[in-house]
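Undergrad: Got entry02.cif for you, mmCIF, C-alpha atoms and all ligand atoms:
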```
data_final
loop_
_atom_site.label_atom_id
_atom_site.label_comp_id
_atom_site.auth_asym_id
_atom_site.auth_seq_id
_atom_site.Cartn_x
_atom_site.Cartn_y
_atom_site.Cartn_z
CA MET A 27 -40.27 3.61 -1.60
CA HIS A 28 -37.01 5.46 -2.29
CA ALA A 29 -35.54 5.12 -5.78
CA ARG A 30 -32.31 3.16 -5.34
CA PRO A 31 -29.03 4.56 -6.81
CA PRO A 32 -27.06 2.44 -9.29
CA ILE A 33 -25.06 -0.38 -7.65
CA ALA A 34 -21.65 1.35 -8.20
CA ILE A 35 -22.85 4.44 -6.31
CA THR A 36 -24.33 2.21 -3.64
CA LEU A 37 -20.99 0.48 -3.13
CA ILE A 38 -19.03 3.75 -3.15
CA LEU A 39 -21.35 5.21 -0.54
CA ALA A 40 -20.96 2.07 1.45
CA GLY A 41 -17.20 2.28 1.25
CA LEU A 42 -16.94 -0.95 -0.67
CA LEU A 43 -15.44 0.79 -3.74
CA PRO A 44 -12.66 3.39 -3.66
CA MET A 45 -13.81 6.80 -2.53
CA HIS A 46 -12.09 8.70 -5.36
CA ALA A 47 -14.68 7.16 -7.66
CA CYS A 48 -17.19 9.66 -6.34
CA ALA A 49 -16.34 13.26 -5.50
CA SER A 50 -19.50 13.89 -3.51
CA VAL A 51 -18.89 11.30 -0.79
CA GLN A 52 -19.69 12.89 2.56
CA HIS A 53 -16.81 13.76 4.81
CA VAL A 54 -17.51 13.28 8.49
CA ASP A 55 -16.21 16.13 10.60
CA THR A 56 -15.19 14.27 13.72
CA ALA A 57 -14.52 17.49 15.64
CA GLU A 58 -18.20 18.48 15.64
CA PRO A 59 -20.20 15.36 15.07
CA GLU A 60 -23.63 15.89 13.53
CA ILE A 61 -24.14 12.23 12.92
CA PRO A 62 -27.60 10.84 12.29
CA GLY A 63 -28.50 8.37 15.00
CA TYR A 64 -25.42 9.05 17.14
CA THR A 65 -26.99 9.52 20.54
CA LEU A 66 -24.14 9.20 23.04
CA GLY A 67 -24.90 11.59 25.86
CA LYS A 68 -28.49 12.18 24.76
CA ARG A 69 -31.26 11.75 27.29
CA THR A 70 -33.15 9.49 24.89
CA VAL A 71 -30.77 6.62 25.67
CA ARG A 72 -32.02 4.25 28.35
CA LYS A 73 -29.94 3.75 31.49
CA ALA A 74 -27.57 0.78 31.41
CA PRO A 75 -28.74 -2.34 33.26
CA ILE A 76 -25.37 -2.63 35.03
CA THR A 77 -23.60 -0.10 37.26
CA LEU A 78 -20.26 1.59 36.70
CA GLY A 79 -18.96 -0.61 39.53
CA GLU A 80 -20.03 -3.73 37.62
CA LEU A 81 -18.34 -2.32 34.51
CA GLU A 82 -15.12 -2.08 36.54
CA GLU A 83 -15.52 -5.72 37.54
CA ILE A 84 -15.67 -6.78 33.88
CA GLN A 85 -12.58 -4.66 33.24
CA LYS A 86 -10.81 -6.48 36.07
CA SER A 87 -11.79 -9.82 34.55
CA LEU A 88 -10.25 -8.61 31.28
CA LEU A 89 -7.03 -7.49 33.02
CA MET A 90 -7.84 -4.02 31.78
CA SER A 91 -5.83 -1.51 33.80
CA ASP A 92 -5.11 2.21 33.91
CA GLU A 93 -2.16 1.45 31.66
CA ASP A 94 -4.53 0.17 28.98
CA ILE A 95 -6.54 3.37 29.29
CA LYS A 96 -3.36 5.41 28.88
CA TYR A 97 -2.47 3.50 25.69
CA LEU A 98 -6.00 3.74 24.30
CA ARG A 99 -5.78 7.51 24.73
CA MET A 100 -2.35 7.53 23.09
CA SER A 101 -3.94 5.83 20.07
CA ARG A 102 -6.44 8.65 19.57
CA ASP A 103 -4.03 11.08 17.95
CA VAL A 104 -2.48 8.29 15.92
CA LEU A 105 -5.82 7.14 14.53
CA GLU A 106 -7.74 10.38 14.13
CA PRO A 107 -6.19 11.43 10.78
CA HIS A 108 -6.84 7.94 9.38
CA VAL A 109 -10.31 7.17 10.70
CA GLU A 110 -12.04 7.20 7.32
CA GLU A 111 -9.44 4.92 5.80
CA LEU A 112 -9.52 2.58 8.79
CA VAL A 113 -13.28 2.19 8.72
CA GLY A 114 -12.96 1.71 4.95
CA VAL A 115 -10.76 -1.33 5.63
CA TRP A 116 -13.35 -2.72 8.05
CA TYR A 117 -16.12 -2.14 5.56
CA GLY A 118 -13.97 -3.88 2.95
CA PHE A 119 -13.81 -6.91 5.23
CA VAL A 120 -17.59 -6.93 5.64
CA GLY A 121 -18.03 -6.42 1.87
CA ASP A 122 -15.75 -9.39 1.14
CA ASN A 123 -17.82 -11.67 3.39
CA PRO A 124 -21.33 -12.33 2.13
CA HIS A 125 -22.26 -13.90 5.50
CA LEU A 126 -21.67 -10.44 7.06
CA LEU A 127 -22.74 -8.19 4.20
CA ARG A 128 -26.19 -9.73 4.31
CA TYR A 129 -26.88 -7.91 7.56
CA PHE A 130 -26.54 -4.64 5.63
CA SER A 131 -28.57 -5.86 2.65
CA ASN A 132 -32.19 -5.08 1.89
CA SER A 133 -34.99 -7.59 1.56
CA ALA A 134 -34.07 -8.02 -2.12
CA GLY A 135 -30.57 -9.11 -1.02
CA LYS A 136 -28.78 -5.97 -2.32
CA PRO A 137 -26.38 -3.99 -0.07
CA ASP A 138 -28.22 -0.93 1.19
CA GLY A 139 -25.83 1.96 0.47
CA GLU A 140 -27.74 4.51 2.52
CA TYR A 141 -27.79 2.22 5.56
CA LEU A 142 -24.08 1.39 5.19
CA ALA A 143 -23.17 5.07 4.87
CA ARG A 144 -25.18 6.19 7.89
CA VAL A 145 -23.77 3.42 10.10
CA ARG A 146 -20.30 4.19 8.77
CA ALA A 147 -20.43 7.74 10.11
CA ARG A 148 -21.28 6.43 13.59
CA PHE A 149 -18.58 3.78 13.26
CA GLU A 150 -15.99 6.49 12.59
CA ARG A 151 -17.13 8.37 15.67
CA TRP A 152 -16.97 5.12 17.65
CA VAL A 153 -13.27 4.73 16.84
CA LEU A 154 -12.60 8.05 18.58
CA ASP A 155 -14.94 7.25 21.48
CA THR A 156 -13.12 3.95 21.98
CA ALA A 157 -9.75 5.69 21.96
CA GLU A 158 -10.99 8.39 24.35
CA ALA A 159 -11.88 5.66 26.87
CA GLU A 160 -14.13 7.85 29.02
CA TYR A 161 -15.96 5.16 30.93
CA ASP A 162 -18.70 7.32 32.42
CA GLN A 163 -22.44 6.71 32.76
CA GLU A 164 -23.22 8.19 29.33
CA TRP A 165 -20.70 5.93 27.64
CA LEU A 166 -22.03 2.91 29.53
CA ASP A 167 -25.65 3.73 28.62
CA TYR A 168 -24.71 4.10 24.95
CA GLN A 169 -23.00 0.69 24.91
CA PHE A 170 -26.30 -0.99 25.69
CA GLU A 171 -27.97 1.10 22.99
CA ILE A 172 -25.37 -0.17 20.49
CA GLY A 173 -26.10 -3.71 21.68
CA ARG A 174 -29.82 -3.21 21.03
CA ARG A 175 -28.99 -1.87 17.58
CA HIS A 176 -27.31 -5.17 16.70
CA HIS A 177 -30.23 -7.21 18.09
CA ARG A 178 -33.78 -7.48 16.80
CA VAL A 179 -35.04 -5.23 19.60
CA ASN A 180 -33.66 -2.20 17.72
CA LYS A 181 -31.70 -3.15 14.60
CA ASN A 182 -32.67 -1.04 11.56
CA THR A 183 -34.78 1.40 13.55
CA THR A 184 -32.18 4.21 13.80
CA ASP A 185 -31.78 4.36 10.02
CA ASN A 186 -35.20 3.11 9.02
CA ALA A 187 -33.46 0.33 7.10
CA ASP A 188 -35.06 -2.64 5.41
CA ALA A 189 -32.36 -5.20 6.22
CA ILE A 190 -32.33 -8.48 8.15
CA ASP A 191 -33.57 -7.42 11.56
CA HIS A 192 -31.05 -9.26 13.74
CA ILE A 193 -27.32 -9.91 13.83
CA HIS A 194 -26.69 -13.42 15.05
CA PHE A 195 -24.77 -13.46 18.28
CA ARG A 196 -22.10 -15.86 17.03
CA HIS A 197 -20.58 -13.15 14.83
CA LEU A 198 -20.54 -10.38 17.42
CA PRO A 199 -17.55 -11.43 19.59
CA ALA A 200 -15.85 -12.97 16.54
CA LEU A 201 -15.49 -9.59 14.88
CA THR A 202 -13.19 -8.47 17.70
CA ILE A 203 -10.37 -10.23 15.85
CA PRO A 204 -10.64 -8.70 12.34
CA VAL A 205 -11.40 -5.27 13.83
CA THR A 206 -8.29 -5.26 16.01
CA THR A 207 -6.03 -7.11 13.56
CA THR A 208 -6.66 -4.69 10.71
CA LEU A 209 -6.25 -1.80 13.16
CA ARG A 210 -2.65 -2.65 13.93
CA PRO A 211 -0.96 -1.16 10.83
CA PHE A 212 -2.78 2.10 11.56
CA LEU A 213 -1.35 2.15 15.09
CA GLU A 214 2.11 1.90 13.52
CA ARG A 215 1.63 5.20 11.71
CA GLY A 216 2.15 7.46 14.72
CA GLY A 217 5.92 7.09 15.05
CA HIS A 218 5.64 5.29 18.40
CA SER A 219 8.05 2.54 19.48
CA ALA A 220 7.21 -1.11 18.79
CA GLU A 221 6.53 -1.58 22.50
CA GLU A 222 4.04 1.30 22.56
CA VAL A 223 2.33 0.00 19.42
CA ASN A 224 2.00 -3.42 21.09
CA LYS A 225 0.50 -1.85 24.19
CA MET A 226 -1.94 0.28 22.19
CA HIS A 227 -2.96 -2.83 20.29
CA ALA A 228 -3.42 -4.93 23.42
CA ALA A 229 -5.55 -2.18 24.94
CA TRP A 230 -7.72 -2.03 21.83
CA VAL A 231 -8.28 -5.81 21.89
CA LYS A 232 -9.48 -5.53 25.49
CA SER A 233 -11.69 -2.54 24.74
CA VAL A 234 -13.38 -4.12 21.73
CA LEU A 235 -13.91 -7.35 23.65
CA LEU A 236 -15.30 -5.34 26.58
CA GLN A 237 -17.73 -3.60 24.26
CA SER A 238 -18.86 -6.78 22.55
CA ILE A 239 -19.53 -8.19 26.05
CA LEU A 240 -21.66 -5.14 26.89
CA TRP A 241 -23.44 -5.33 23.51
CA SER A 242 -24.33 -8.98 24.22
CA TYR A 243 -26.87 -8.05 26.87
CA PRO A 244 -30.05 -8.40 24.79
CA TYR A 245 -28.88 -11.82 23.57
CA VAL A 246 -28.70 -13.31 27.08
CA ASN A 247 -31.65 -14.84 28.94
CA ASP A 248 -33.24 -12.60 31.56
CA GLY A 249 -31.37 -12.84 34.83
CA ASP A 250 -28.35 -14.60 33.32
CA TYR A 251 -26.20 -11.65 32.25
C1 LIG B 301 -16.59 -6.51 17.62
C2 LIG B 301 -17.63 -6.52 16.82
C3 LIG B 301 -18.32 -5.30 16.27
C4 LIG B 301 -18.01 -3.97 16.37
C5 LIG B 301 -16.82 -3.33 17.06
C6 LIG B 301 -19.07 -3.23 15.71
C7 LIG B 301 -19.18 -1.84 15.65
C8 LIG B 301 -20.34 -1.18 15.31
C9 LIG B 301 -20.62 0.20 15.55
C10 LIG B 301 -19.66 1.18 16.21
C11 LIG B 301 -21.87 0.47 15.10
C12 LIG B 301 -22.61 1.81 15.14
C13 LIG B 301 -23.22 1.99 16.52
C14 LIG B 301 -24.09 3.23 16.61
O1 LIG B 301 -25.24 3.18 16.18
O2 LIG B 301 -23.59 4.24 17.15
C15 LIG B 301 -22.38 -0.76 14.56
C16 LIG B 301 -23.61 -0.93 13.99
C17 LIG B 301 -23.89 -2.00 13.17
N1 LIG B 301 -23.12 -3.14 13.04
FE1 LIG B 301 -21.61 -3.63 14.18
N2 LIG B 301 -19.97 -4.12 15.20
C18 LIG B 301 -19.54 -5.39 15.50
C19 LIG B 301 -20.15 -6.55 15.11
C20 LIG B 301 -20.99 -6.60 14.03
C21 LIG B 301 -21.31 -7.77 13.25
C22 LIG B 301 -20.80 -9.19 13.48
C23 LIG B 301 -22.12 -7.36 12.26
C24 LIG B 301 -22.67 -8.21 11.14
C25 LIG B 301 -22.48 -7.84 9.90
C26 LIG B 301 -22.38 -5.93 12.45
C27 LIG B 301 -23.23 -5.15 11.69
C28 LIG B 301 -23.70 -3.93 12.11
C29 LIG B 301 -24.91 -3.31 11.61
C30 LIG B 301 -25.86 -3.87 10.56
C31 LIG B 301 -25.03 -2.10 12.30
C32 LIG B 301 -26.17 -1.10 12.21
C33 LIG B 301 -27.21 -1.49 13.24
C34 LIG B 301 -28.43 -0.57 13.22
O3 LIG B 301 -28.43 0.45 13.93
O4 LIG B 301 -29.39 -0.90 12.47
N3 LIG B 301 -21.67 -5.52 13.53
N4 LIG B 301 -21.43 -1.75 14.71
#
```
Since I need it in another form, could you write the structure as structure tokens?
Ligand code: HEM
TA:
Amino acid sequence: MHARPPIAITLILAGLLPMHACASVQHVDTAEPEIPGYTLGKRTVRKAPITLGELEEIQKSLLMSDEDIKYLRMSRDVLEPHVEELVGVWYGFVGDNPHLLRYFSNSAGKPDGEYLARVRARFERWVLDTAEAEYDQEWLDYQFEIGRRHHRVNKNTTDNADAIDHIHFRHLPALTIPVTTTLRPFLERGGHSAEEVNKMHAAWVKSVLLQSILWSYPYVNDGDY
């Protein structure tokens, strides 16, 4: 068993207390990601159970067009300098909601700072991946890996965590709303017009919904997806 750090350090690591409270908080260099458990593009990730053509069909159902992709890519430069702060806001939302924080808590019911911090680094990278909107086979394969990581088939395994082993499906699509609502003020920081901010935001809503649909795969009965 690892010795657990004091609760304040745990919460700082997890991003649930202000960062300046701890000078040694790890900075994630998004230019050259060396992120534990981040396996996009690695051969260890299983092939997606749907094709790129079927991905396009979901995008059509979502009215997701080339214009959305253009605005997602526009958001990348706007968001990149603020990624840590943005993910801090999302972690704050999770920390304020015990019904969500419990999925990051250990069997004794305490938030697991190490687990939160490791997932946080991948979350930051995910913001940039989402904005890059490169919908190739590697990206598609990794979406299903992320889905498995929310479901009992794989939750906790990447970080060897001792938390509840399954995120209930009902919360997965629901989080599209807080994630994209709290994103909006960050999209306003790039000096773009109100119309462009609206379009970046709309594209993000579609992308996060698209991803939560892909992540739902392990929750659906065989043959029904
Ligand atoms: C739209 C909804 C959601 C988004 C965009 C999102 C985003 C992410 C991302 C990007 C990761 C890291 C993936 C990776 O390993 O590369 C992750 C993992 C995780 N998320 Fe979510 N998530 C959502 C819903 C939820 C909900 C509802 C919960 C419940 C608290 C949750 C809890 C977690 C946990 C515990 C992990 C770590 C899983 C593991 O590998 O053990 N997520 N999420």
Undergrad: Determine the nearest neighbour of ligand LIG 301 (chain B) from the options A:Ser133, A:Thr208, A:Asn123, A:Gln163, counting all atoms listed in the file.
TA: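 Using all atoms listed in the file, the shortest distance to ligand LIG 301 (chain B) belongs to A:Asn123.
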Undergrad: So, with only C-alpha atoms and all ligand atoms as the atoms that count, which of A:Leu105, A:Leu81, A:Ile61, A:Ala134 lies closest to ligand LIG 301 (chain B)?
TA: A:Ile61
Undergrad: Identify, on the basis of only C-alpha atoms, every residue whose closest approach to range 170-172 of chain A does not exceed 10 Å; exclude the query and any residue fewer than 5 positions from it along the same chain; express the result as a PyMOL selection string.
TA: chain A and resi 64-66+71-76+165+177+180-181+237-244
Undergrad: By how many Å are CA of Val115 in chain A and CA of Val145 in chain A apart?
TA: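 Rounded to one decimal, the two atoms are 14.6 Å apart.
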Undergrad: Neighbours of ligand LIG 301 (chain B) at 8 Å or closer, counting only C-alpha atoms and all ligand atoms: which residues, as a count of residues only?
TA: 52
Undergrad: Could you check how far CA of Lys225 in chain A sits from CA of Glu158 in chain A, in Å to one decimal?
TA: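 For CA of Lys225 in chain A relative to CA of Glu158 in chain A, the distance reads 15.4 Å.
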Undergrad: How far is it from CA of Tyr161 in chain A to CA of His108 in chain A, in Å with one decimal?
TA: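 CA of His108 in chain A lies 23.6 Å from CA of Tyr161 in chain A.
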Undergrad: For Asp188 in chain A, which residue among A:Glu221, A:Glu164, A:Ala159, A:Gly139 is the nearest when counting all atoms listed in the file?
TA: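 For Asp188 in chain A, the nearest of the given residues is A:Gly139.
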Undergrad: For His218 in chain A, which residue among A:Leu98, A:Ile84, A:Leu78, A:Val104 is the nearest when counting all atoms listed in the file?
TA: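 Smallest distance to His218 in chain A is found for A:Val104.
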Undergrad: At most 12 Å from (-10.0, -2.0, 32.3), file frame, all atoms listed in the file: which residues, as a VMD selection string?
TA: chain A and resid 78 to 98 159 to 161 228 to 237
Undergrad: Residues at most 12 Å from Arg215 in chain A, counting all atoms listed in the file, excluding those fewer than 2 positions away in the same chain, as a ChimeraX atom specification?
TA: /A:101-108,112,209-213,217-220,222-223
Undergrad: From the list A:Tyr245, A:Trp116, A:Glu140, A:Glu214, which residue is nearest Gly173 in chain A when using all atoms listed in the file?
TA: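 Comparing A:Tyr245, A:Trp116, A:Glu140, A:Glu214 against Gly173 in chain A, the winner is A:Tyr245.
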